[in-house]
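Text of the file work33.txt, holding compact mmCIF, C-alpha atoms:
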# COMPACT_ATOMS: atom_id res chain seq x y z
CA MET A 1 -4.63 29.95 -58.72
CA LYS A 2 -4.37 33.43 -57.19
CA ILE A 3 -2.15 34.00 -54.15
CA VAL A 4 -1.92 37.16 -52.03
CA VAL A 5 1.40 37.77 -50.27
CA PHE A 6 1.91 40.16 -47.36
CA GLY A 7 5.51 41.04 -46.55
CA ALA A 8 6.98 40.14 -49.94
CA SER A 9 9.94 42.47 -49.43
CA GLY A 10 11.17 40.59 -46.35
CA MET A 11 13.41 37.53 -46.41
CA VAL A 12 10.65 34.95 -45.97
CA GLY A 13 8.29 36.88 -48.23
CA GLN A 14 10.90 37.03 -50.98
CA GLY A 15 11.24 33.26 -50.81
CA ALA A 16 7.48 32.76 -50.94
CA LEU A 17 7.11 35.20 -53.82
CA ARG A 18 9.90 33.53 -55.79
CA GLU A 19 8.24 30.12 -55.54
CA CYS A 20 4.84 31.57 -56.47
CA LEU A 21 6.32 33.12 -59.60
CA LEU A 22 8.10 29.90 -60.55
CA ASP A 23 5.07 27.64 -60.11
CA PRO A 24 3.02 27.29 -63.33
CA ASP A 25 -0.14 26.53 -61.34
CA VAL A 26 0.00 29.99 -59.77
CA LYS A 27 -1.55 32.23 -62.41
CA SER A 28 -1.75 35.46 -60.39
CA VAL A 29 0.22 36.89 -57.46
CA VAL A 30 -0.82 40.03 -55.61
CA THR A 31 1.60 41.52 -53.10
CA VAL A 32 0.63 44.18 -50.60
CA GLY A 33 3.13 46.68 -49.20
CA ARG A 34 3.80 50.28 -48.30
CA SER A 35 6.07 50.80 -51.30
CA PRO A 36 6.38 49.18 -54.74
CA LEU A 37 8.53 46.10 -55.28
CA GLU A 38 11.45 46.10 -57.68
CA THR A 39 10.39 42.68 -59.00
CA THR A 40 8.15 42.73 -62.05
CA ARG A 41 6.53 39.76 -63.80
CA PRO A 42 3.49 39.43 -66.06
CA LYS A 43 1.51 37.54 -63.41
CA LEU A 44 2.59 39.81 -60.53
CA ARG A 45 0.68 42.85 -59.33
CA HIS A 46 1.70 44.99 -56.38
CA VAL A 47 -0.84 46.94 -54.34
CA VAL A 48 0.52 49.88 -52.36
CA HIS A 49 -1.34 50.40 -49.11
CA ALA A 50 -0.39 52.23 -45.91
CA ASP A 51 -2.88 51.10 -43.25
CA PHE A 52 -2.57 47.37 -42.67
CA GLY A 53 -4.98 47.64 -39.78
CA ASP A 54 -7.78 48.33 -42.26
CA LEU A 55 -7.64 46.65 -45.67
CA SER A 56 -11.20 47.53 -46.66
CA ALA A 57 -10.06 50.03 -49.29
CA ILE A 58 -8.17 47.37 -51.25
CA ALA A 59 -10.57 44.48 -50.63
CA ASP A 60 -11.49 44.30 -54.33
CA ASP A 61 -7.83 43.81 -55.26
CA LEU A 62 -7.62 40.88 -52.86
CA ALA A 63 -10.91 39.25 -53.78
CA ASP A 64 -11.17 35.72 -55.18
CA ALA A 65 -7.83 34.66 -53.74
CA ASP A 66 -7.14 30.96 -53.42
CA ALA A 67 -4.56 31.55 -50.69
CA CYS A 68 -3.04 34.24 -48.49
CA PHE A 69 0.56 34.10 -47.24
CA TYR A 70 1.19 36.33 -44.23
CA CYS A 71 4.97 36.81 -44.16
CA MET A 72 5.11 40.23 -42.49
CA GLY A 73 7.31 40.40 -39.45
CA VAL A 74 9.44 42.68 -37.34
CA THR A 75 12.27 41.98 -34.94
CA SER A 76 11.19 42.14 -31.31
CA ALA A 77 14.53 43.59 -30.21
CA GLY A 78 13.98 46.87 -28.41
CA LEU A 79 10.21 46.77 -28.80
CA SER A 80 7.54 46.61 -26.13
CA GLU A 81 4.69 44.14 -26.47
CA ALA A 82 2.39 46.99 -27.49
CA GLU A 83 4.81 47.96 -30.28
CA TYR A 84 5.37 44.37 -31.43
CA THR A 85 1.72 43.32 -31.51
CA PRO A 86 0.33 45.28 -34.51
CA VAL A 87 2.47 43.67 -37.23
CA THR A 88 2.58 40.25 -35.59
CA HIS A 89 -1.03 39.95 -34.50
CA ASP A 90 -3.40 42.76 -35.53
CA TYR A 91 -2.44 43.00 -39.19
CA ALA A 92 -2.40 39.20 -39.51
CA LEU A 93 -5.99 38.98 -38.26
CA GLU A 94 -7.07 41.80 -40.56
CA ALA A 95 -5.53 40.00 -43.55
CA ALA A 96 -7.43 36.86 -42.55
CA ARG A 97 -10.65 38.89 -42.33
CA VAL A 98 -10.33 40.32 -45.83
CA VAL A 99 -8.52 37.68 -47.90
CA GLY A 100 -10.23 34.35 -48.56
CA GLY A 101 -8.86 30.93 -49.38
CA THR A 102 -6.18 28.98 -47.55
CA TYR A 103 -4.34 31.14 -45.00
CA VAL A 104 -0.68 30.48 -44.16
CA TYR A 105 0.80 32.37 -41.20
CA VAL A 106 4.58 32.51 -40.83
CA SER A 107 5.29 32.17 -37.13
CA GLY A 108 8.50 30.89 -35.55
CA GLU A 109 9.98 27.97 -33.66
CA GLY A 110 9.13 28.34 -29.98
CA ALA A 111 5.89 30.29 -30.40
CA ASN A 112 3.64 29.66 -27.41
CA ALA A 113 0.78 31.76 -26.05
CA ASP A 114 1.83 30.86 -22.49
CA SER A 115 5.49 31.73 -22.95
CA LYS A 116 7.22 34.24 -20.70
CA THR A 117 9.11 35.48 -23.77
CA MET A 118 7.24 38.36 -25.35
CA TRP A 119 7.65 37.55 -29.05
CA ALA A 120 6.79 33.87 -28.51
CA ARG A 121 3.70 34.79 -26.50
CA VAL A 122 2.37 37.23 -29.13
CA LYS A 123 3.00 34.83 -32.00
CA GLY A 124 1.45 31.97 -30.04
CA ARG A 125 -1.67 33.99 -29.30
CA THR A 126 -1.93 34.95 -32.97
CA GLU A 127 -1.60 31.30 -34.00
CA ASN A 128 -4.40 30.27 -31.65
CA GLU A 129 -6.78 32.93 -32.91
CA LEU A 130 -6.10 32.13 -36.56
CA LEU A 131 -6.42 28.38 -36.07
CA ALA A 132 -9.80 28.94 -34.39
CA LEU A 133 -11.21 30.45 -37.60
CA GLU A 134 -13.59 28.30 -39.62
CA ARG A 135 -11.41 28.11 -42.73
CA PRO A 136 -8.22 26.34 -43.87
CA VAL A 137 -5.42 27.87 -41.78
CA PHE A 138 -1.85 26.65 -41.47
CA VAL A 139 0.95 27.89 -39.24
CA VAL A 140 4.56 27.41 -40.32
CA ARG A 141 7.18 27.59 -37.58
CA PRO A 142 10.61 27.80 -39.20
CA GLY A 143 13.66 27.85 -36.95
CA PHE A 144 16.96 28.69 -38.65
CA ILE A 145 16.25 29.83 -42.23
CA GLN A 146 19.00 29.76 -44.84
CA PRO A 147 18.50 32.59 -47.35
CA ARG A 148 19.14 31.35 -50.89
CA HIS A 149 19.11 32.62 -54.49
CA GLY A 150 20.41 36.05 -53.53
CA ILE A 151 17.70 36.69 -50.95
CA ARG A 152 18.80 38.79 -47.99
CA SER A 153 17.17 39.85 -44.75
CA ARG A 154 16.26 43.53 -44.47
CA THR A 155 17.38 43.53 -40.83
CA ARG A 156 21.08 44.31 -40.49
CA VAL A 157 21.73 42.12 -37.47
CA TYR A 158 20.03 39.17 -39.16
CA ARG A 159 22.13 39.69 -42.29
CA TYR A 160 25.25 39.50 -40.14
CA ILE A 161 24.05 36.36 -38.35
CA TYR A 162 23.11 34.59 -41.59
CA SER A 163 26.39 35.56 -43.23
CA TRP A 164 28.47 34.41 -40.27
CA SER A 165 26.60 31.15 -39.77
CA ALA A 166 26.14 30.08 -43.40
CA TRP A 167 28.82 27.40 -43.06
CA LEU A 168 26.79 25.81 -40.23
CA PHE A 169 23.72 25.11 -42.33
CA PRO A 170 24.73 21.67 -43.72
CA VAL A 171 25.71 20.54 -40.21
CA LEU A 172 22.53 21.83 -38.60
CA ALA A 173 20.41 20.28 -41.35
CA LYS A 174 21.78 16.86 -40.41
CA VAL A 175 21.86 17.08 -36.62
CA ALA A 176 18.78 19.26 -36.03
CA PRO A 177 16.41 18.90 -39.02
CA LYS A 178 13.42 20.04 -36.96
CA PHE A 179 14.99 23.48 -36.68
CA VAL A 180 16.47 24.13 -40.14
CA THR A 181 14.97 25.10 -43.49
CA SER A 182 15.66 27.52 -46.34
CA THR A 183 13.79 30.31 -48.08
CA ASP A 184 13.05 28.18 -51.14
CA GLN A 185 11.92 25.15 -49.14
CA LEU A 186 9.65 27.32 -47.03
CA GLY A 187 8.21 28.99 -50.12
CA ARG A 188 7.56 25.69 -51.90
CA ALA A 189 5.86 24.26 -48.81
CA MET A 190 3.57 27.28 -48.62
CA VAL A 191 2.61 26.89 -52.27
CA ALA A 192 1.92 23.19 -51.64
CA LEU A 193 -0.43 24.14 -48.81
CA ALA A 194 -2.18 26.59 -51.13
CA LYS A 195 -2.70 23.72 -53.57
CA GLY A 196 -4.39 21.65 -50.88
CA ALA A 197 -1.55 19.40 -49.78
CA HIS A 198 -2.38 17.36 -46.68
CA ALA A 199 -0.43 18.42 -43.59
CA ASP A 200 -0.71 19.09 -39.90
CA ARG A 201 -2.04 22.56 -39.21
CA VAL A 202 1.20 23.54 -37.45
CA LEU A 203 4.38 22.70 -39.36
CA ARG A 204 7.91 22.76 -38.00
CA SER A 205 10.99 22.88 -40.22
CA ASP A 206 11.22 19.13 -40.84
CA GLU A 207 7.60 19.02 -42.04
CA ILE A 208 8.17 22.18 -44.10
CA ASN A 209 11.13 20.51 -45.81
CA ARG A 210 9.19 17.30 -46.43
CA MET A 211 6.40 19.21 -48.12
CA ALA A 212 8.91 21.16 -50.20
CA GLY A 213 10.11 17.87 -51.66
Written as C-alpha cells, that's how I'd like the structure from this file.
Amino acid sequence: MKIVVFGASGMVGQGALRECLLDPDVKSVVTVGRSPLETTRPKLRHVVHADFGDLSAIADDLADADACFYCMGVTSAGLSEAEYTPVTHDYALEAARVVGGTYVYVSGEGANADSKTMWARVKGRTENELLALERPVFVVRPGFIQPRHGIRSRTRVYRYIYSWSAWLFPVLAKVAPKFVTSTDQLGRAMVALAKGAHADRVLRSDEINRMAG
C-alpha cells in the first residue's frame, strides 16, 4: 500500500507518518513539503515542492497512491479568512484532485460551514466540498490531541498549551472521550481508513480512538 502524506512535519502529520512507517502493510510513503524531512526510512520518500496550489509538476510522484492524508494546517490566530483559506481549503482540494485512493482530511472539532467562527467555517466548507467528491473521503475531527513519542507542535503557543495541560489528558479522556485523542491513535485510525476499515465519513475523537484499537 502506498500512502501520500501532506504536512508530515506538523504535529498531526508526524503522528500519521510514524504509524505509516510502523505498519507492515504500508510499503511506500511519500511526503510532500517545502523542505526535506529529517526522518529517513527505506520505504519513505520526500518530495520537495513549493506551490501547493498546483501539484501538476509532481503528479507522477503521487500516482498510484492507495490513500492521501491531508494533515497540513495553520493556526488561525491573527489571520484573515483570505489568509487562512489557502492551506485549509485550496491546497486540500488540489491534493484531492491530484492524488487518488482514499482521502483523509484532518479537520477539527467544531468545524461547521455555517459557523460564525472563521476557522470553523472554512474547515466546514472544505469538509463539505471534499465529501461531495465521488471517491472514498473521510474527515477526522480531533479535539484535544496529546502529542506522544517525542512529537511536538511546530507552533510555539500550542507547545506551551500541550506542555501545561499534559497532566489533564487522563482526566479528559475519561470525562470527555469525544474530545480527546493522541497523535498515535489518530495516525493508526487514518491508516485503518486507508486499509478500508468501515466507519462513518466524519469521525470525532471517540470514533478515532475506537478505530485505533
What separation in Å, quoted to one decimal, exists between atom CA of Phe52 of chain A and atom CA of Arg18 of chain A?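 Straight-line distance from atom CA of Phe52 of chain A to atom CA of Arg18 of chain A works out to 22.8 Å.
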Output as JSON lines one row per residue of segment 69-135 of chain A within 10 Å of segment 190-209 of chain A: the closest atom pair and its distance in Å to one decimal place, counting only C-alpha atoms, sorted by chain and residue number ascending.
{"residue": "A:Phe69", "atom": "CA", "partner": "A:Met190", "partner_atom": "CA", "distance": 7.6}
{"residue": "A:Gly101", "atom": "CA", "partner": "A:Ala194", "partner_atom": "CA", "distance": 8.2}
{"residue": "A:Thr102", "atom": "CA", "partner": "A:Ala194", "partner_atom": "CA", "distance": 5.9}
{"residue": "A:Tyr103", "atom": "CA", "partner": "A:Ala194", "partner_atom": "CA", "distance": 7.9}
{"residue": "A:Val104", "atom": "CA", "partner": "A:Met190", "partner_atom": "CA", "distance": 6.9}
{"residue": "A:Tyr105", "atom": "CA", "partner": "A:Met190", "partner_atom": "CA", "distance": 9.4}
{"residue": "A:Val106", "atom": "CA", "partner": "A:Met190", "partner_atom": "CA", "distance": 9.4}
{"residue": "A:Ser107", "atom": "CA", "partner": "A:Val202", "partner_atom": "CA", "distance": 9.6}
{"residue": "A:Gly108", "atom": "CA", "partner": "A:Arg204", "partner_atom": "CA", "distance": 8.5}
{"residue": "A:Glu109", "atom": "CA", "partner": "A:Arg204", "partner_atom": "CA", "distance": 7.1}
{"residue": "A:Gly110", "atom": "CA", "partner": "A:Arg204", "partner_atom": "CA", "distance": 9.8}
{"residue": "A:Glu127", "atom": "CA", "partner": "A:Val202", "partner_atom": "CA", "distance": 8.9}
{"residue": "A:Leu131", "atom": "CA", "partner": "A:Arg201", "partner_atom": "CA", "distance": 7.9}
Find the distance between atom CA of Val30 of chain A and atom CA of Val12 of chain A and write it in Å to one decimal.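 Distance between the two atoms: 15.8 Å.
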Distance query Arg188 of chain A at most 7 Å, all atoms listed in the file, self and fewer than 4 positions along chain excluded, as a VMD selection string: chain A and resid 19 184 192 212
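Minimum atom-to-atom distances from A:Trp119, A:Pro24, A:Gly73, A:Leu37 to Tyr91 of chain A were compared using all atoms listed in the file, and the lowest value belongs to A:Gly73.
Rounded to one decimal, atom CA of Ala65 of chain A and atom CA of Glu134 of chain A lie 16.5 Å from each other.
Checking A:Ala82, A:Leu22, A:Leu93, A:Val122 one by one against Cys68 of chain A, counting all atoms listed in the file, you find the shortest gap at A:Leu93.
Proximity ranking of A:Leu130, A:Ile145, A:Val29, A:Val48 relative to Arg97 of chain A places A:Leu130 first, based on only C-alpha atoms.
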Which residue out of A:Met72, A:Val98, A:Leu133, A:Val47 has the minimum interatomic distance to Ser9 of chain A when all atoms listed in the file are used? A:Met72
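Between Tyr70 of chain A and the residues A:Ile151, A:Ala92, A:Ala50, A:Cys20, the shortest atom-to-atom distance, using all atoms listed in the file, involves A:Ala92.
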Residue nearest Phe6 of chain A among A:Asp114, A:Asp23, A:Glu94, A:Glu81 (counting all atoms listed in the file): A:Glu94
Can you put N, CA, C and O atoms back into segment 3-21 of chain A and show it as a PDB file, in the coordinates of the input?
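Everything below was put into rebuild_28.pdb:
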ATOM      1  N   ILE A   3      -2.716  33.963 -55.501  1.00  0.00           N
ATOM      2  CA  ILE A   3      -2.150  34.000 -54.150  1.00  0.00           C
ATOM      3  C   ILE A   3      -1.828  35.448 -53.778  1.00  0.00           C
ATOM      4  O   ILE A   3      -1.227  36.187 -54.564  1.00  0.00           O
ATOM      5  N   VAL A   4      -2.222  35.837 -52.580  1.00  0.00           N
ATOM      6  CA  VAL A   4      -1.920  37.160 -52.030  1.00  0.00           C
ATOM      7  C   VAL A   4      -0.789  37.009 -51.024  1.00  0.00           C
ATOM      8  O   VAL A   4      -0.846  36.139 -50.150  1.00  0.00           O
ATOM      9  N   VAL A   5       0.240  37.848 -51.152  1.00  0.00           N
ATOM     10  CA  VAL A   5       1.400  37.770 -50.270  1.00  0.00           C
ATOM     11  C   VAL A   5       1.584  39.090 -49.520  1.00  0.00           C
ATOM     12  O   VAL A   5       1.738  40.148 -50.148  1.00  0.00           O
ATOM     13  N   PHE A   6       1.573  39.012 -48.205  1.00  0.00           N
ATOM     14  CA  PHE A   6       1.910  40.160 -47.360  1.00  0.00           C
ATOM     15  C   PHE A   6       3.351  40.004 -46.903  1.00  0.00           C
ATOM     16  O   PHE A   6       3.753  38.937 -46.445  1.00  0.00           O
ATOM     17  N   GLY A   7       4.124  41.084 -46.993  1.00  0.00           N
ATOM     18  CA  GLY A   7       5.510  41.040 -46.550  1.00  0.00           C
ATOM     19  C   GLY A   7       6.458  40.470 -47.594  1.00  0.00           C
ATOM     20  O   GLY A   7       7.461  39.844 -47.257  1.00  0.00           O
ATOM     21  N   ALA A   8       6.174  40.714 -48.864  1.00  0.00           N
ATOM     22  CA  ALA A   8       6.980  40.140 -49.940  1.00  0.00           C
ATOM     23  C   ALA A   8       8.365  40.749 -50.053  1.00  0.00           C
ATOM     24  O   ALA A   8       9.222  40.207 -50.758  1.00  0.00           O
ATOM     25  N   SER A   9       8.611  41.850 -49.373  1.00  0.00           N
ATOM     26  CA  SER A   9       9.940  42.470 -49.430  1.00  0.00           C
ATOM     27  C   SER A   9      10.881  41.919 -48.363  1.00  0.00           C
ATOM     28  O   SER A   9      12.086  42.149 -48.418  1.00  0.00           O
ATOM     29  N   GLY A  10      10.346  41.187 -47.389  1.00  0.00           N
ATOM     30  CA  GLY A  10      11.170  40.590 -46.350  1.00  0.00           C
ATOM     31  C   GLY A  10      11.805  39.294 -46.823  1.00  0.00           C
ATOM     32  O   GLY A  10      11.515  38.793 -47.912  1.00  0.00           O
ATOM     33  N   MET A  11      12.673  38.720 -46.002  1.00  0.00           N
ATOM     34  CA  MET A  11      13.410  37.530 -46.410  1.00  0.00           C
ATOM     35  C   MET A  11      12.480  36.348 -46.687  1.00  0.00           C
ATOM     36  O   MET A  11      12.564  35.704 -47.734  1.00  0.00           O
ATOM     37  N   VAL A  12      11.577  36.054 -45.769  1.00  0.00           N
ATOM     38  CA  VAL A  12      10.650  34.950 -45.970  1.00  0.00           C
ATOM     39  C   VAL A  12       9.690  35.262 -47.110  1.00  0.00           C
ATOM     40  O   VAL A  12       9.395  34.404 -47.959  1.00  0.00           O
ATOM     41  N   GLY A  13       9.208  36.488 -47.166  1.00  0.00           N
ATOM     42  CA  GLY A  13       8.290  36.880 -48.230  1.00  0.00           C
ATOM     43  C   GLY A  13       8.924  36.803 -49.602  1.00  0.00           C
ATOM     44  O   GLY A  13       8.258  36.416 -50.577  1.00  0.00           O
ATOM     45  N   GLN A  14      10.200  37.138 -49.695  1.00  0.00           N
ATOM     46  CA  GLN A  14      10.900  37.030 -50.980  1.00  0.00           C
ATOM     47  C   GLN A  14      10.949  35.576 -51.435  1.00  0.00           C
ATOM     48  O   GLN A  14      10.773  35.271 -52.619  1.00  0.00           O
ATOM     49  N   GLY A  15      11.208  34.677 -50.472  1.00  0.00           N
ATOM     50  CA  GLY A  15      11.240  33.260 -50.810  1.00  0.00           C
ATOM     51  C   GLY A  15       9.892  32.753 -51.263  1.00  0.00           C
ATOM     52  O   GLY A  15       9.780  31.996 -52.243  1.00  0.00           O
ATOM     53  N   ALA A  16       8.829  33.168 -50.565  1.00  0.00           N
ATOM     54  CA  ALA A  16       7.480  32.760 -50.940  1.00  0.00           C
ATOM     55  C   ALA A  16       7.102  33.309 -52.310  1.00  0.00           C
ATOM     56  O   ALA A  16       6.534  32.603 -53.152  1.00  0.00           O
ATOM     57  N   LEU A  17       7.422  34.576 -52.540  1.00  0.00           N
ATOM     58  CA  LEU A  17       7.110  35.200 -53.820  1.00  0.00           C
ATOM     59  C   LEU A  17       7.849  34.506 -54.958  1.00  0.00           C
ATOM     60  O   LEU A  17       7.267  34.244 -56.020  1.00  0.00           O
ATOM     61  N   ARG A  18       9.102  34.200 -54.751  1.00  0.00           N
ATOM     62  CA  ARG A  18       9.900  33.530 -55.790  1.00  0.00           C
ATOM     63  C   ARG A  18       9.256  32.208 -56.202  1.00  0.00           C
ATOM     64  O   ARG A  18       9.145  31.925 -57.403  1.00  0.00           O
ATOM     65  N   GLU A  19       8.840  31.421 -55.221  1.00  0.00           N
ATOM     66  CA  GLU A  19       8.240  30.120 -55.540  1.00  0.00           C
ATOM     67  C   GLU A  19       6.875  30.270 -56.197  1.00  0.00           C
ATOM     68  O   GLU A  19       6.506  29.473 -57.057  1.00  0.00           O
ATOM     69  N   CYS A  20       6.118  31.292 -55.813  1.00  0.00           N
ATOM     70  CA  CYS A  20       4.840  31.570 -56.470  1.00  0.00           C
ATOM     71  C   CYS A  20       5.048  31.898 -57.948  1.00  0.00           C
ATOM     72  O   CYS A  20       4.319  31.417 -58.823  1.00  0.00           O
ATOM     73  N   LEU A  21       6.066  32.713 -58.224  1.00  0.00           N
ATOM     74  CA  LEU A  21       6.320  33.120 -59.600  1.00  0.00           C
ATOM     75  C   LEU A  21       6.850  31.975 -60.441  1.00  0.00           C
ATOM     76  O   LEU A  21       6.614  31.922 -61.654  1.00  0.00           O
TER      77      LEU A  21
END
